[in-house]
Structures are given as C-alpha cells and as structure tokens.
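K.L.:
Sending over protein01.cif (mmCIF, C-alpha atoms; chains and numbers go by the auth columns).
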data_coords
#
loop_
_atom_site.group_PDB
_atom_site.id
_atom_site.type_symbol
_atom_site.label_atom_id
_atom_site.label_comp_id
_atom_site.label_asym_id
_atom_site.label_seq_id
_atom_site.Cartn_x
_atom_site.Cartn_y
_atom_site.Cartn_z
_atom_site.B_iso_or_equiv
_atom_site.auth_seq_id
_atom_site.auth_asym_id
ATOM 1 C CA MET A 1 -22.207 55.849 -56.528 0.00 1 W
ATOM 2 C CA LYS A 2 -23.243 54.437 -53.184 0.00 2 W
ATOM 3 C CA LYS A 3 -21.223 51.234 -53.540 0.00 3 W
ATOM 4 C CA PRO A 4 -17.825 52.964 -54.043 0.00 4 W
ATOM 5 C CA LEU A 5 -18.596 55.228 -51.095 0.00 5 W
ATOM 6 C CA ILE A 6 -19.355 52.212 -48.929 0.00 6 W
ATOM 7 C CA VAL A 7 -16.073 50.575 -49.988 0.00 7 W
ATOM 8 C CA ILE A 8 -14.092 53.740 -49.245 0.00 8 W
ATOM 9 C CA GLY A 9 -15.828 54.102 -45.906 0.00 9 W
ATOM 10 C CA THR A 10 -15.017 50.510 -45.023 0.00 10 W
ATOM 11 C CA ILE A 11 -11.351 51.038 -45.918 0.00 11 W
ATOM 12 C CA VAL A 12 -11.173 54.200 -43.819 0.00 12 W
ATOM 13 C CA LEU A 13 -12.781 52.492 -40.845 0.00 13 W
ATOM 14 C CA ALA A 14 -10.396 49.558 -41.180 0.00 14 W
ATOM 15 C CA ALA A 15 -7.421 51.923 -41.277 0.00 15 W
ATOM 16 C CA VAL A 16 -8.645 53.802 -38.202 0.00 16 W
ATOM 17 C CA ALA A 17 -9.180 50.514 -36.377 0.00 17 W
ATOM 18 C CA PHE A 18 -5.700 49.329 -37.326 0.00 18 W
ATOM 19 C CA ILE A 19 -4.051 52.552 -36.143 0.00 19 W
ATOM 20 C CA GLY A 20 -6.053 52.504 -32.932 0.00 20 W
ATOM 21 C CA GLY A 21 -5.199 48.861 -32.355 0.00 21 W
ATOM 22 C CA SER A 22 -1.501 49.540 -32.964 0.00 22 W
ATOM 23 C CA ARG A 23 -1.509 52.377 -30.450 0.00 23 W
ATOM 24 C CA LEU A 24 -3.290 50.277 -27.848 0.00 24 W
ATOM 25 C CA TYR A 25 -0.784 47.477 -28.416 0.00 25 W
ATOM 26 C CA GLN A 26 2.156 49.882 -27.984 0.00 26 W
ATOM 27 C CA GLN A 27 0.610 51.267 -24.797 0.00 27 W
ATOM 28 C CA SER A 28 0.049 47.747 -23.526 0.00 28 W
ATOM 29 C CA GLN A 29 3.641 46.772 -24.295 0.00 29 W
ATOM 30 C CA THR A 30 4.980 49.898 -22.589 0.00 30 W
ATOM 31 C CA SER A 31 2.855 49.251 -19.492 0.00 31 W
ATOM 32 C CA GLU A 32 4.023 45.661 -19.391 0.00 32 W
ATOM 33 C CA ARG A 33 7.668 46.701 -19.689 0.00 33 W
ATOM 34 C CA ALA A 34 7.228 49.360 -17.002 0.00 34 W
ATOM 35 C CA GLY A 35 5.763 46.814 -14.618 0.00 35 W
ATOM 36 C CA LEU A 36 8.528 44.373 -15.424 0.00 36 W
ATOM 37 C CA THR A 37 11.347 46.870 -14.790 0.00 37 W
ATOM 38 C CA SER A 38 9.667 48.039 -11.589 0.00 38 W
ATOM 39 C CA SER A 39 9.656 44.518 -10.193 0.00 39 W
ATOM 40 C CA ARG A 40 13.177 43.802 -11.434 0.00 40 W
ATOM 41 C CA SER A 41 14.963 47.089 -10.829 0.00 41 W
ATOM 42 C CA ALA A 42 18.070 45.220 -9.651 0.00 42 W
ATOM 43 C CA ASN A 43 18.454 43.922 -13.196 0.00 43 W
ATOM 44 C CA LEU A 44 18.846 47.432 -14.604 0.00 44 W
ATOM 45 C CA VAL A 45 22.059 48.559 -12.903 0.00 45 W
ATOM 46 C CA ARG A 46 24.848 46.303 -11.701 0.00 46 W
ATOM 47 C CA PRO A 47 27.929 47.266 -9.680 0.00 47 W
ATOM 48 C CA HIS A 48 30.154 46.380 -12.649 0.00 48 W
ATOM 49 C CA SER A 49 28.296 48.591 -15.141 0.00 49 W
ATOM 50 C CA PRO A 50 30.280 51.479 -16.722 0.00 50 W
ATOM 51 C CA ILE A 51 28.968 54.875 -15.618 0.00 51 W
ATOM 52 C CA PHE A 52 29.401 58.155 -17.491 0.00 52 W
ATOM 53 C CA GLY A 53 28.554 61.258 -15.510 0.00 53 W
ATOM 54 C CA SER A 54 28.144 62.100 -11.855 0.00 54 W
ATOM 55 C CA GLU A 55 27.733 59.214 -9.429 0.00 55 W
ATOM 56 C CA SER A 56 25.298 61.369 -7.438 0.00 56 W
ATOM 57 C CA ALA A 57 23.034 62.239 -10.391 0.00 57 W
ATOM 58 C CA LYS A 58 19.348 61.681 -9.622 0.00 58 W
ATOM 59 C CA VAL A 59 18.479 60.815 -13.218 0.00 59 W
ATOM 60 C CA THR A 60 19.911 57.607 -14.656 0.00 60 W
ATOM 61 C CA ILE A 61 19.785 56.607 -18.305 0.00 61 W
ATOM 62 C CA VAL A 62 20.367 52.883 -18.672 0.00 62 W
ATOM 63 C CA GLU A 63 21.300 51.918 -22.222 0.00 63 W
ATOM 64 C CA PHE A 64 21.488 48.338 -23.422 0.00 64 W
ATOM 65 C CA LEU A 65 23.763 48.574 -26.449 0.00 65 W
ATOM 66 C CA ASP A 66 25.437 46.381 -29.018 0.00 66 W
ATOM 67 C CA PRO A 67 28.777 47.751 -30.286 0.00 67 W
ATOM 68 C CA ALA A 68 27.820 46.631 -33.814 0.00 68 W
ATOM 69 C CA CYS A 69 24.408 48.339 -33.749 0.00 69 W
ATOM 70 C CA GLU A 70 24.286 51.284 -36.171 0.00 70 W
ATOM 71 C CA THR A 71 21.444 52.922 -34.267 0.00 71 W
ATOM 72 C CA CYS A 72 23.502 52.736 -31.067 0.00 72 W
ATOM 73 C CA GLY A 73 26.289 54.560 -32.885 0.00 73 W
ATOM 74 C CA ALA A 74 23.889 57.159 -34.268 0.00 74 W
ATOM 75 C CA MET A 75 22.339 57.793 -30.839 0.00 75 W
ATOM 76 C CA ALA A 76 25.676 57.987 -28.999 0.00 76 W
ATOM 77 C CA PRO A 77 26.306 61.746 -29.510 0.00 77 W
ATOM 78 C CA LEU A 78 22.802 62.582 -28.273 0.00 78 W
ATOM 79 C CA VAL A 79 23.112 60.365 -25.194 0.00 79 W
ATOM 80 C CA LYS A 80 26.495 61.889 -24.378 0.00 80 W
ATOM 81 C CA SER A 81 25.109 65.411 -24.756 0.00 81 W
ATOM 82 C CA LEU A 82 22.204 64.663 -22.403 0.00 82 W
ATOM 83 C CA VAL A 83 24.762 63.837 -19.714 0.00 83 W
ATOM 84 C CA THR A 84 27.355 66.543 -20.366 0.00 84 W
ATOM 85 C CA ALA A 85 24.760 69.320 -20.629 0.00 85 W
ATOM 86 C CA SER A 86 22.958 68.334 -17.421 0.00 86 W
ATOM 87 C CA PHE A 87 25.371 69.926 -14.909 0.00 87 W
ATOM 88 C CA GLY A 88 25.699 66.650 -13.022 0.00 88 W
ATOM 89 C CA GLN A 89 21.988 65.849 -12.908 0.00 89 W
ATOM 90 C CA VAL A 90 22.020 62.988 -15.432 0.00 90 W
ATOM 91 C CA ARG A 91 24.272 59.958 -15.720 0.00 91 W
ATOM 92 C CA LEU A 92 24.538 57.097 -18.203 0.00 92 W
ATOM 93 C CA VAL A 93 24.865 53.437 -17.275 0.00 93 W
ATOM 94 C CA VAL A 94 25.933 51.111 -20.083 0.00 94 W
ATOM 95 C CA ARG A 95 24.704 47.534 -20.269 0.00 95 W
ATOM 96 C CA TYR A 96 25.691 45.127 -23.026 0.00 96 W
ATOM 97 C CA ALA A 97 23.370 43.403 -25.460 0.00 97 W
ATOM 98 C CA PRO A 98 25.767 41.621 -27.842 0.00 98 W
ATOM 99 C CA LEU A 99 23.105 40.423 -30.253 0.00 99 W
ATOM 100 C CA HIS A 100 25.152 40.622 -33.467 0.00 100 W
ATOM 101 C CA GLN A 101 27.778 38.123 -34.520 0.00 101 W
ATOM 102 C CA GLY A 102 31.172 39.035 -33.077 0.00 102 W
ATOM 103 C CA SER A 103 29.802 41.633 -30.668 0.00 103 W
ATOM 104 C CA ASP A 104 30.648 39.605 -27.569 0.00 104 W
ATOM 105 C CA GLN A 105 34.306 39.750 -28.627 0.00 105 W
ATOM 106 C CA ILE A 106 34.085 43.540 -28.988 0.00 106 W
ATOM 107 C CA VAL A 107 32.571 43.787 -25.511 0.00 107 W
ATOM 108 C CA ARG A 108 35.547 41.888 -24.097 0.00 108 W
ATOM 109 C CA ILE A 109 37.918 44.275 -25.882 0.00 109 W
ATOM 110 C CA LEU A 110 36.066 47.295 -24.494 0.00 110 W
ATOM 111 C CA GLU A 111 36.173 45.883 -20.990 0.00 111 W
ATOM 112 C CA ALA A 112 39.898 45.180 -21.374 0.00 112 W
ATOM 113 C CA ALA A 113 40.346 48.845 -22.347 0.00 113 W
ATOM 114 C CA ARG A 114 38.337 49.763 -19.267 0.00 114 W
ATOM 115 C CA LEU A 115 40.877 48.027 -17.054 0.00 115 W
ATOM 116 C CA GLN A 116 43.365 50.606 -18.386 0.00 116 W
ATOM 117 C CA GLY A 117 41.039 53.544 -17.739 0.00 117 W
ATOM 118 C CA LYS A 118 40.387 53.975 -21.476 0.00 118 W
ATOM 119 C CA TYR A 119 36.833 52.718 -21.691 0.00 119 W
ATOM 120 C CA TRP A 120 34.967 55.776 -22.945 0.00 120 W
ATOM 121 C CA GLN A 121 37.681 56.661 -25.447 0.00 121 W
ATOM 122 C CA ALA A 122 37.619 53.094 -26.778 0.00 122 W
ATOM 123 C CA LEU A 123 33.811 52.926 -26.939 0.00 123 W
ATOM 124 C CA GLU A 124 33.594 56.208 -28.840 0.00 124 W
ATOM 125 C CA ALA A 125 36.255 55.051 -31.315 0.00 125 W
ATOM 126 C CA VAL A 126 34.570 51.669 -31.822 0.00 126 W
ATOM 127 C CA LEU A 127 31.126 53.168 -32.448 0.00 127 W
ATOM 128 C CA ALA A 128 32.520 55.823 -34.795 0.00 128 W
ATOM 129 C CA SER A 129 34.279 53.185 -36.920 0.00 129 W
ATOM 130 C CA GLN A 130 31.441 50.650 -37.279 0.00 130 W
ATOM 131 C CA SER A 131 31.563 50.916 -41.078 0.00 131 W
ATOM 132 C CA MET A 132 35.071 49.420 -40.986 0.00 132 W
ATOM 133 C CA TRP A 133 34.447 46.340 -38.880 0.00 133 W
ATOM 134 C CA ALA A 134 30.737 45.838 -38.123 0.00 134 W
ATOM 135 C CA SER A 135 29.308 44.497 -41.384 0.00 135 W
ATOM 136 C CA HIS A 136 26.526 42.116 -40.362 0.00 136 W
ATOM 137 C CA ASP A 137 27.302 39.875 -43.342 0.00 137 W
ATOM 138 C CA ASN A 138 31.029 39.767 -42.637 0.00 138 W
ATOM 139 C CA PRO A 139 31.950 41.232 -39.226 0.00 139 W
ATOM 140 C CA ARG A 140 35.665 41.758 -38.655 0.00 140 W
ATOM 141 C CA PRO A 141 36.110 42.340 -34.915 0.00 141 W
ATOM 142 C CA GLU A 142 39.870 41.812 -35.248 0.00 142 W
ATOM 143 C CA LEU A 143 40.101 45.255 -36.864 0.00 143 W
ATOM 144 C CA VAL A 144 38.998 46.842 -33.589 0.00 144 W
ATOM 145 C CA TRP A 145 42.450 46.327 -32.121 0.00 145 W
ATOM 146 C CA ASN A 146 43.985 48.964 -34.379 0.00 146 W
ATOM 147 C CA ILE A 147 41.012 51.254 -33.753 0.00 147 W
ATOM 148 C CA ILE A 148 41.336 51.224 -29.960 0.00 148 W
ATOM 149 C CA GLY A 149 45.101 51.584 -30.315 0.00 149 W
ATOM 150 C CA THR A 150 44.459 55.110 -31.605 0.00 150 W
ATOM 151 C CA ALA A 151 42.490 55.747 -28.398 0.00 151 W
ATOM 152 C CA GLY A 152 45.602 55.121 -26.316 0.00 152 W
ATOM 153 C CA VAL A 153 44.923 51.517 -25.300 0.00 153 W
ATOM 154 C CA ASP A 154 47.902 49.238 -24.666 0.00 154 W
ATOM 155 C CA ILE A 155 47.044 46.473 -27.137 0.00 155 W
ATOM 156 C CA ALA A 156 49.348 43.807 -25.688 0.00 156 W
ATOM 157 C CA GLN A 157 47.951 44.303 -22.193 0.00 157 W
ATOM 158 C CA ALA A 158 44.369 44.384 -23.466 0.00 158 W
ATOM 159 C CA LYS A 159 44.836 41.061 -25.281 0.00 159 W
ATOM 160 C CA ALA A 160 46.246 39.557 -22.108 0.00 160 W
ATOM 161 C CA ASP A 161 43.187 40.740 -20.175 0.00 161 W
ATOM 162 C CA LEU A 162 40.524 39.407 -22.566 0.00 162 W
ATOM 163 C CA GLN A 163 39.774 36.323 -20.486 0.00 163 W
ATOM 164 C CA ASN A 164 39.859 38.148 -17.155 0.00 164 W
ATOM 165 C CA PRO A 165 37.241 36.500 -14.888 0.00 165 W
ATOM 166 C CA LYS A 166 35.736 39.914 -14.091 0.00 166 W
ATOM 167 C CA ILE A 167 34.972 40.455 -17.776 0.00 167 W
ATOM 168 C CA THR A 168 33.469 36.986 -18.124 0.00 168 W
ATOM 169 C CA GLU A 169 31.254 37.562 -15.089 0.00 169 W
ATOM 170 C CA ALA A 170 30.121 40.984 -16.354 0.00 170 W
ATOM 171 C CA LEU A 171 29.092 39.451 -19.675 0.00 171 W
ATOM 172 C CA ARG A 172 27.230 36.640 -17.923 0.00 172 W
ATOM 173 C CA LEU A 173 25.236 39.045 -15.755 0.00 173 W
ATOM 174 C CA ASP A 174 24.392 41.317 -18.667 0.00 174 W
ATOM 175 C CA ARG A 175 23.092 38.355 -20.678 0.00 175 W
ATOM 176 C CA GLU A 176 20.961 37.222 -17.735 0.00 176 W
ATOM 177 C CA ASP A 177 19.513 40.713 -17.340 0.00 177 W
ATOM 178 C CA LEU A 178 18.694 40.872 -21.053 0.00 178 W
ATOM 179 C CA VAL A 179 16.459 37.857 -20.574 0.00 179 W
ATOM 180 C CA ALA A 180 14.975 39.091 -17.289 0.00 180 W
ATOM 181 C CA LEU A 181 14.043 42.478 -18.773 0.00 181 W
ATOM 182 C CA LYS A 182 12.995 41.040 -22.153 0.00 182 W
ATOM 183 C CA VAL A 183 15.452 43.194 -24.080 0.00 183 W
ATOM 184 C CA THR A 184 15.490 41.875 -27.644 0.00 184 W
ATOM 185 C CA LYS A 185 16.782 44.852 -29.652 0.00 185 W
ATOM 186 C CA THR A 186 19.264 47.698 -29.363 0.00 186 W
ATOM 187 C CA PRO A 187 19.545 50.363 -28.271 0.00 187 W
ATOM 188 C CA GLU A 188 17.082 49.909 -25.425 0.00 188 W
ATOM 189 C CA PHE A 189 16.742 52.832 -23.017 0.00 189 W
ATOM 190 C CA PHE A 190 15.350 53.153 -19.504 0.00 190 W
ATOM 191 C CA VAL A 191 15.275 56.467 -17.639 0.00 191 W
ATOM 192 C CA ASN A 192 14.998 56.071 -13.871 0.00 192 W
ATOM 193 C CA GLY A 193 13.612 52.623 -14.560 0.00 193 W
ATOM 194 C CA LYS A 194 11.020 53.785 -17.105 0.00 194 W
ATOM 195 C CA PRO A 195 11.165 52.414 -20.662 0.00 195 W
ATOM 196 C CA LEU A 196 10.626 54.780 -23.577 0.00 196 W
ATOM 197 C CA PRO A 197 6.934 54.865 -24.553 0.00 197 W
ATOM 198 C CA GLN A 198 8.174 54.815 -28.151 0.00 198 W
ATOM 199 C CA PHE A 199 11.716 54.666 -29.485 0.00 199 W
ATOM 200 C CA GLY A 200 13.274 57.839 -30.875 0.00 200 W
ATOM 201 C CA PRO A 201 15.685 60.661 -29.993 0.00 201 W
ATOM 202 C CA GLU A 202 12.896 63.121 -29.202 0.00 202 W
ATOM 203 C CA GLN A 203 11.180 60.568 -26.964 0.00 203 W
ATOM 204 C CA LEU A 204 14.440 59.992 -25.085 0.00 204 W
ATOM 205 C CA LYS A 205 15.023 63.722 -24.625 0.00 205 W
ATOM 206 C CA ALA A 206 11.451 64.212 -23.430 0.00 206 W
ATOM 207 C CA LEU A 207 11.661 61.415 -20.855 0.00 207 W
ATOM 208 C CA VAL A 208 15.012 62.659 -19.532 0.00 208 W
ATOM 209 C CA LYS A 209 13.589 66.182 -19.256 0.00 209 W
ATOM 210 C CA SER A 210 10.502 64.920 -17.448 0.00 210 W
ATOM 211 C CA GLU A 211 12.518 62.868 -14.969 0.00 211 W
ATOM 212 C CA THR A 212 14.946 65.746 -14.372 0.00 212 W
ATOM 213 C CA ARG A 213 12.063 68.071 -13.550 0.00 213 W
ATOM 214 C CA ALA A 214 10.582 65.502 -11.193 0.00 214 W
ATOM 215 C CA ALA A 215 13.912 64.853 -9.460 0.00 215 W
ATOM 216 C CA TYR A 216 15.104 68.440 -9.153 0.00 216 W
ATOM 217 C CA GLY A 217 11.858 70.400 -9.145 0.00 217 W
ATOM 218 C CA GLN A 218 12.706 72.322 -12.289 0.00 218 W
#
Go ahead and render the structure in this file as structure tokens.
P.N.:
Amino acid sequence: MKKPLIVIGTIVLAAVAFIGGSRLYQQSQTSERAGLTSSRSANLVRPHSPIFGSESAKVTIVEFLDPACETCGAMAPLVKSLVTASFGQVRLVVRYAPLHQGSDQIVRILEAARLQGKYWQALEAVLASQSMWASHDNPRPELVWNIIGTAGVDIAQAKADLQNPKITEALRLDREDLVALKVTKTPEFFVNGKPLPQFGPEQLKALVKSETRAAYGQ
C-alpha cells in the first residue's frame, strides 16, 4: 500500500510544482512586459493611431489587433462597450499587428476608409464578416471591398488611396512598435501602459476598472 501512496504523492507534488512554476513564469513575463512598456511608452501610442472615445479620457486602452484574428473580432463588442459606457473616461487606441496572411492588405483598406471618415464603420463590418474572407488556409481579402461598401465607403476612392504615403508610414511604424514591445499575438491589450496580467475579457474589464478608479478617484 505504501508504494502506490508514494507514487500518488510524487505525482501531486509534481503537479503543484508545475502549477506554481507556471504562475511564477506568467508573473515574470508580466513584470518584464510592464518594464518594457514603461521604458518604451512612446511605442504604445502614435499620432497616426485611430482613437475611439474622448481625446481627454484619462484611461487609454491600446489594442494591437489583426483584422483576421477571430479573438479580436470576439473581443470587439466588449472593448467598444468599455469606452461607450465610461462617460468619456476611457478611450481606445488601435494599433495594427497584421500577423496573418493578407492582413496587411486589409489594414490598407481600413486606412483608406479612414481617409473618408468611415473608419469605425468599416472596421466593425470587417470584423463582423471574418467568416467570409479571413480563412487562414485561404484568405480572400478582395471580398472586403464589397463588405466596406455596405458601410458607406466610396470603393473607387478607397482603391485610389491604398498606396497613400501616410498609410505606408503608419504601417511601417506599427510594425516597428510590434518588435519594440515584443507583441507576437493578437489581440494584445495595454491599459494606461500596463499589460494584462493574464489574457481574458474579465481581466481586461478589471484592469480598466482599476485604472479608472485610480485616475478619477472612484
């Protein structure tokens, strides 16, 4: 009887050690990311970055997103609600992380829509229709044209604007900041410069709530 008990005890101890080690590793990674973003805060928000919400908001959510990322699409309603329900206290800054095949082309299309003042309508339409165009095995970014057309974008003008130098420069800076901040997956969130301790909708809501309390004394 003693031998099985010893084996079980060893397994339990190994499991506890693994869980503890995983938590320590996550804490270490979070601390490292926090230090990195603190020293490179200029890499988080650029003058060209799209902003949703009040310019004077004291709480800033920075989201690095890929238009083809399903999790980005799933999180979009929550992120929007955190801004719209904040009475001007929270804003969203979008940064691009075009990690999937074809995503850089979608980013150009979104930025072309932005030149017409249709950015947020186009982004919402693109994220909502990922199942139509964003297959990772066979992406079809050309289908996005019809999708943003329903959002009121002038397609002919948008196609003419695709190679606008401002769009090219925005993409270049976002790619550089991806490397500087070690962003390797999407969506990646920072709230007032702080990375999520662990990814998840509840974690994002908790960090936004904490930063709002700190900023506004609530």
K.L.:
Hey, can you check how far atom CA of Tyr119 of chain W sits from atom CA of Thr168 of chain W?
P.N.:
16.5 Å
K.L.:
Would you mind listing what lies within 6 Å of segment 56-67 of chain W as a PyMOL selection string, with only C-alpha atoms counted and same-chain residues fewer than 2 positions away left out?
P.N.:
chain W and resi 54+69+88-98+186-192
K.L.:
Please produce an output containing C-alpha atoms for each residue in the selection, written as a PDB file, keeping the file's coordinate frame.
P.N.:
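Listed below is the output, out.pdb:
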ATOM      1  CA  SER W  54      28.144  62.100 -11.855  1.00  0.00           C
ATOM      2  CA  CYS W  69      24.408  48.339 -33.749  1.00  0.00           C
ATOM      3  CA  GLY W  88      25.699  66.650 -13.022  1.00  0.00           C
ATOM      4  CA  GLN W  89      21.988  65.849 -12.908  1.00  0.00           C
ATOM      5  CA  VAL W  90      22.020  62.988 -15.432  1.00  0.00           C
ATOM      6  CA  ARG W  91      24.272  59.958 -15.720  1.00  0.00           C
ATOM      7  CA  LEU W  92      24.538  57.097 -18.203  1.00  0.00           C
ATOM      8  CA  VAL W  93      24.865  53.437 -17.275  1.00  0.00           C
ATOM      9  CA  VAL W  94      25.933  51.111 -20.083  1.00  0.00           C
ATOM     10  CA  ARG W  95      24.704  47.534 -20.269  1.00  0.00           C
ATOM     11  CA  TYR W  96      25.691  45.127 -23.026  1.00  0.00           C
ATOM     12  CA  ALA W  97      23.370  43.403 -25.460  1.00  0.00           C
ATOM     13  CA  PRO W  98      25.767  41.621 -27.842  1.00  0.00           C
ATOM     14  CA  THR W 186      19.264  47.698 -29.363  1.00  0.00           C
ATOM     15  CA  PRO W 187      19.545  50.363 -28.271  1.00  0.00           C
ATOM     16  CA  GLU W 188      17.082  49.909 -25.425  1.00  0.00           C
ATOM     17  CA  PHE W 189      16.742  52.832 -23.017  1.00  0.00           C
ATOM     18  CA  PHE W 190      15.350  53.153 -19.504  1.00  0.00           C
ATOM     19  CA  VAL W 191      15.275  56.467 -17.639  1.00  0.00           C
ATOM     20  CA  ASN W 192      14.998  56.071 -13.871  1.00  0.00           C
TER      21      ASN W 192
END
K.L.:
Name every residue that the PyMOL selection byres ((chain W and resi 116) around 10) selects in this structure, writing the answer as a PyMOL selection string with chains first and numbers rising.
P.N.:
chain W and resi 111-115+117-119+152-154+157-158
K.L.:
Which polymer residues have any atom within 8 Å of an atom of Trp133 of chain W, counting all atoms listed in the file, with same-chain residues fewer than 6 positions away left out, as a list of chain:residue names?
P.N.:
W:Pro139, W:Arg140, W:Pro141, W:Glu142, W:Leu143, W:Val144
K.L.:
With distances taken over all atoms listed in the file, which residue among W:Ala151, W:Leu171, W:Glu70, W:Val45 lies nearest Gln105 of chain W?
P.N.:
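Closest candidate: W:Leu171.
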